[in-house]
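Structure, as structure tokens:
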Amino acid sequence: MIIVLKPDASEAQIKHIVTKVKALGLKPMISRGIERTLIGVIGEEEILRSQPLEVFPGVEKVMPVLSPYKLVSREFKPADTVVRVGDGVRVGGRKIVVMAGPCAVENYELLLSIAKSVKKAGATVLRGGAFKPRTSPYSFQGLGEEGLKFLAEARKKTGLPVITELMDVRDLELFEKHADIIQIGARNMQNFDLLKEVGRSKKPVLLKRGMASTVKDWLLSAEYILQNGNFNVILCERGIRTFETETRFTQDLSVIPVVKQKTHLPVVVDPSHAAGTWGLVPSMAKAAVAAGADGLLMEIHPKPEEALCDGQQSMLPEKFAALMKDLRKVAKAVGREI
Ligand code: PEP
Ligand code: MN
């Protein structure tokens, strides 16, 4: 339910309603807009129906949330969510956030040299997988905990917050310690137990869209995280499976305005995994920014031919630096900045 307050509702009236909602055993979520304040309430419709919330002073009307997802919906929270990462990075504001780094953390020296070069080019978050979801059990599986420590060390050296993928709920504590953003990969988008666990965490979560998931599936997965108390969710489109085989996946850029309409959560685009080839990444990155993405997630490697994972889609640091220059121009043209 959404409690729509009158434009002149006082703080005392808002407090009174919030107290009442809590007394009913329900969780209120206050959303302050420019013109009016809304209070979102999730809970059993029956409890809410038995309470004439409409008659409370300051209330204009009470409306049901029509979409299947509640907390992630725009109806529930009209203003854009801005997710705070580390000390200075904000995802979802005017500034577009570029997250860049290797697919996998391979060793400390390489990670640090990539971190330094992406920082110099203007990236503000370092990416790198320590636990890798590989199709084949014979492929490099990642350095595990050691990789997380290398990421934390690279953060200390460069000041860049780090994003890395969590695959197993048993590793959450380690991620709480070392990561700044917990990535939930495409293959785990519907691992509901994992979603519930990261929902209980306070760390920002980047939720990738499953490669065969609809927007509704994706947003319902995000709902699991918010419903468990973590509102710091960033959505990430990384390409979906279609009949097309010229690219690794099909980048669904139309999803950006769609998701912006349906939810208040920020959305970033990963053109590396969608394209599957580094040469296609710049076009898709620029298109994503033009279409309204709040950020980009890209794979960078100085020796792609020797990369232990996803070399073919990893950009050389110098190509990345050149792309960043173009991205600044595109961002400016659409009223944003990088
Ligand atoms: C990754 O970011 O390295 C990754 C495995 O991505 P996805 O889950 O989108 O395949
Ligand atoms: Mn990868």
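In the structure tokens, chains take letters A, B, ... by order of appearance, with residues numbered from 1 within each chain and ligands from 1 in the order shown.
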As a PDB file with N, CA and C atoms, in the first residue's frame, please: every protein or nucleic acid residue near ligand 1 (cut-off 7 Å, counting only C-alpha atoms and all ligand atoms).
ATOM      1  N   CYS A 103      38.496  -9.417 -15.906  1.00  0.00           N
ATOM      2  CA  CYS A 103      37.397 -10.346 -15.623  1.00  0.00           C
ATOM      3  C   CYS A 103      37.709 -11.022 -14.293  1.00  0.00           C
ATOM      4  N   ALA A 104      38.914 -11.605 -14.222  1.00  0.00           N
ATOM      5  CA  ALA A 104      39.314 -12.312 -12.994  1.00  0.00           C
ATOM      6  C   ALA A 104      40.578 -11.694 -12.411  1.00  0.00           C
ATOM      7  N   GLY A 129      36.965 -10.491 -10.604  1.00  0.00           N
ATOM      8  CA  GLY A 129      36.349 -11.669  -9.992  1.00  0.00           C
ATOM      9  C   GLY A 129      37.374 -12.499  -9.242  1.00  0.00           C
ATOM     10  N   LYS A 132      35.014 -17.299  -9.695  1.00  0.00           N
ATOM     11  CA  LYS A 132      34.500 -17.194 -11.042  1.00  0.00           C
ATOM     12  C   LYS A 132      33.479 -18.275 -11.389  1.00  0.00           C
ATOM     13  N   PRO A 133      32.333 -17.882 -11.926  1.00  0.00           N
ATOM     14  CA  PRO A 133      31.331 -18.870 -12.364  1.00  0.00           C
ATOM     15  C   PRO A 133      31.655 -19.346 -13.775  1.00  0.00           C
ATOM     16  N   GLY A 185      25.969 -12.504 -10.025  1.00  0.00           N
ATOM     17  CA  GLY A 185      26.115 -12.732 -11.456  1.00  0.00           C
ATOM     18  C   GLY A 185      24.826 -13.198 -12.119  1.00  0.00           C
ATOM     19  N   ALA A 186      24.859 -13.142 -13.458  1.00  0.00           N
ATOM     20  CA  ALA A 186      23.697 -13.525 -14.254  1.00  0.00           C
ATOM     21  C   ALA A 186      23.202 -14.934 -13.885  1.00  0.00           C
ATOM     22  N   ARG A 187      24.161 -15.820 -13.663  1.00  0.00           N
ATOM     23  CA  ARG A 187      23.788 -17.225 -13.388  1.00  0.00           C
ATOM     24  C   ARG A 187      23.149 -17.407 -12.013  1.00  0.00           C
ATOM     25  N   LYS A 208      23.025  -8.566 -11.560  1.00  0.00           N
ATOM     26  CA  LYS A 208      23.011  -8.728 -13.010  1.00  0.00           C
ATOM     27  C   LYS A 208      21.721  -9.383 -13.460  1.00  0.00           C
ATOM     28  N   ARG A 238      23.434  -7.155 -18.868  1.00  0.00           N
ATOM     29  CA  ARG A 238      24.684  -7.719 -19.396  1.00  0.00           C
ATOM     30  C   ARG A 238      24.461  -8.591 -20.633  1.00  0.00           C
ATOM     31  N   HIS A 273      30.397  -8.379 -21.509  1.00  0.00           N
ATOM     32  CA  HIS A 273      29.833  -9.727 -21.565  1.00  0.00           C
ATOM     33  C   HIS A 273      28.784  -9.857 -22.658  1.00  0.00           C
TER      34      HIS A 273
END
At most 12 Å from ligand 2 (only C-alpha atoms and all ligand atoms): residue list as a PyMOL selection string: chain A and resi 100-105+127-135+140-142+164-165+185-186+238+248+270-278+297-301+304+307-315
Measuring atom to atom with only C-alpha atoms, identify which of A:Ala212, A:Val258, A:Val162, A:Val4 is nearest to Ser73 (chain A). A:Val258
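Here the residues within region 83-213 of chain A that DSSP labels strand (DSSP E or B) on the basis of the backbone are Val83, Arg84, Val85, Val89, Arg90, Val91, Lys95, Val97, Val98, Met99, Ala100, Gly101, Ala104, Val125, Leu126, Arg127, Gly129, Val162, Ile163, Thr164, Glu165, Ile181, Ile182, Gln183, Ile184, Val205, Leu206, Leu207 and Lys208 of chain A.
Shortest separation to Val118 (chain A) among A:Pro28, A:Pro302, A:Gly335, A:Pro78 occurs at residue A:Pro302, atoms counted being only C-alpha atoms.
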Name all residues at most 10 Å from Lys149 (chain A) (count only C-alpha atoms; drop same-chain ones fewer than 2 positions away) and give them as a list in words. Tyr108, Ala130, Leu143, Gly144, Glu145, Glu146, Gly147, Leu151, Ala152, Glu153, Ala154, Arg155, Leu174, Phe175, Lys177, His178 and Ala179 of chain A
Got a sec: who's within 8 Å of Pro257 (chain A), counting only C-alpha atoms, leaving out chain neighbours fewer than 4 positions off, as number ranges by chain? A: 261, 291-292
What residues in region 68-230 of chain A get the DSSP label helix (DSSP H, G or I)? Please answer as a PyMOL selection string. chain A and resi 108-121+145-158+169-178+186-188+192-200+215-227
Calculated over only C-alpha atoms, which of the candidates A:Val233, A:Ile3, A:Val82, A:Met189 has the smallest distance to Met211 (chain A)? A:Met189
Point out the residue among A:Ala23, A:Leu195, A:Leu253, A:Leu66 with the least atom-to-atom distance to Leu226 (chain A), counting only C-alpha atoms.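 Counting only C-alpha atoms, the residue closest to Leu226 (chain A) is A:Leu195.
In this comparison, which uses only C-alpha atoms, the residue of A:Ile184, A:Ile114, A:Met29, A:Val59 approaching Leu5 (chain A) most closely is A:Val59.
For the set A:Val83, A:Val169, A:Ile338, A:Leu24, the residue with the smallest atom-to-atom gap to Phe231 (chain A) is A:Val83, counting only C-alpha atoms.
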Set the distance at 10 Å and use only C-alpha atoms: which residues neighbour region 214-223 of chain A once local chain neighbours fewer than 3 positions away are removed? I'd like the list as a ChimeraX atom specification. /A:67-73,186,188-192,195-196,199,205-211,226-231,233-237,240,255,258-259,262-263,265
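You will find CA of Asn107 (chain A) at 14.6 Å from CA of Leu126 (chain A).
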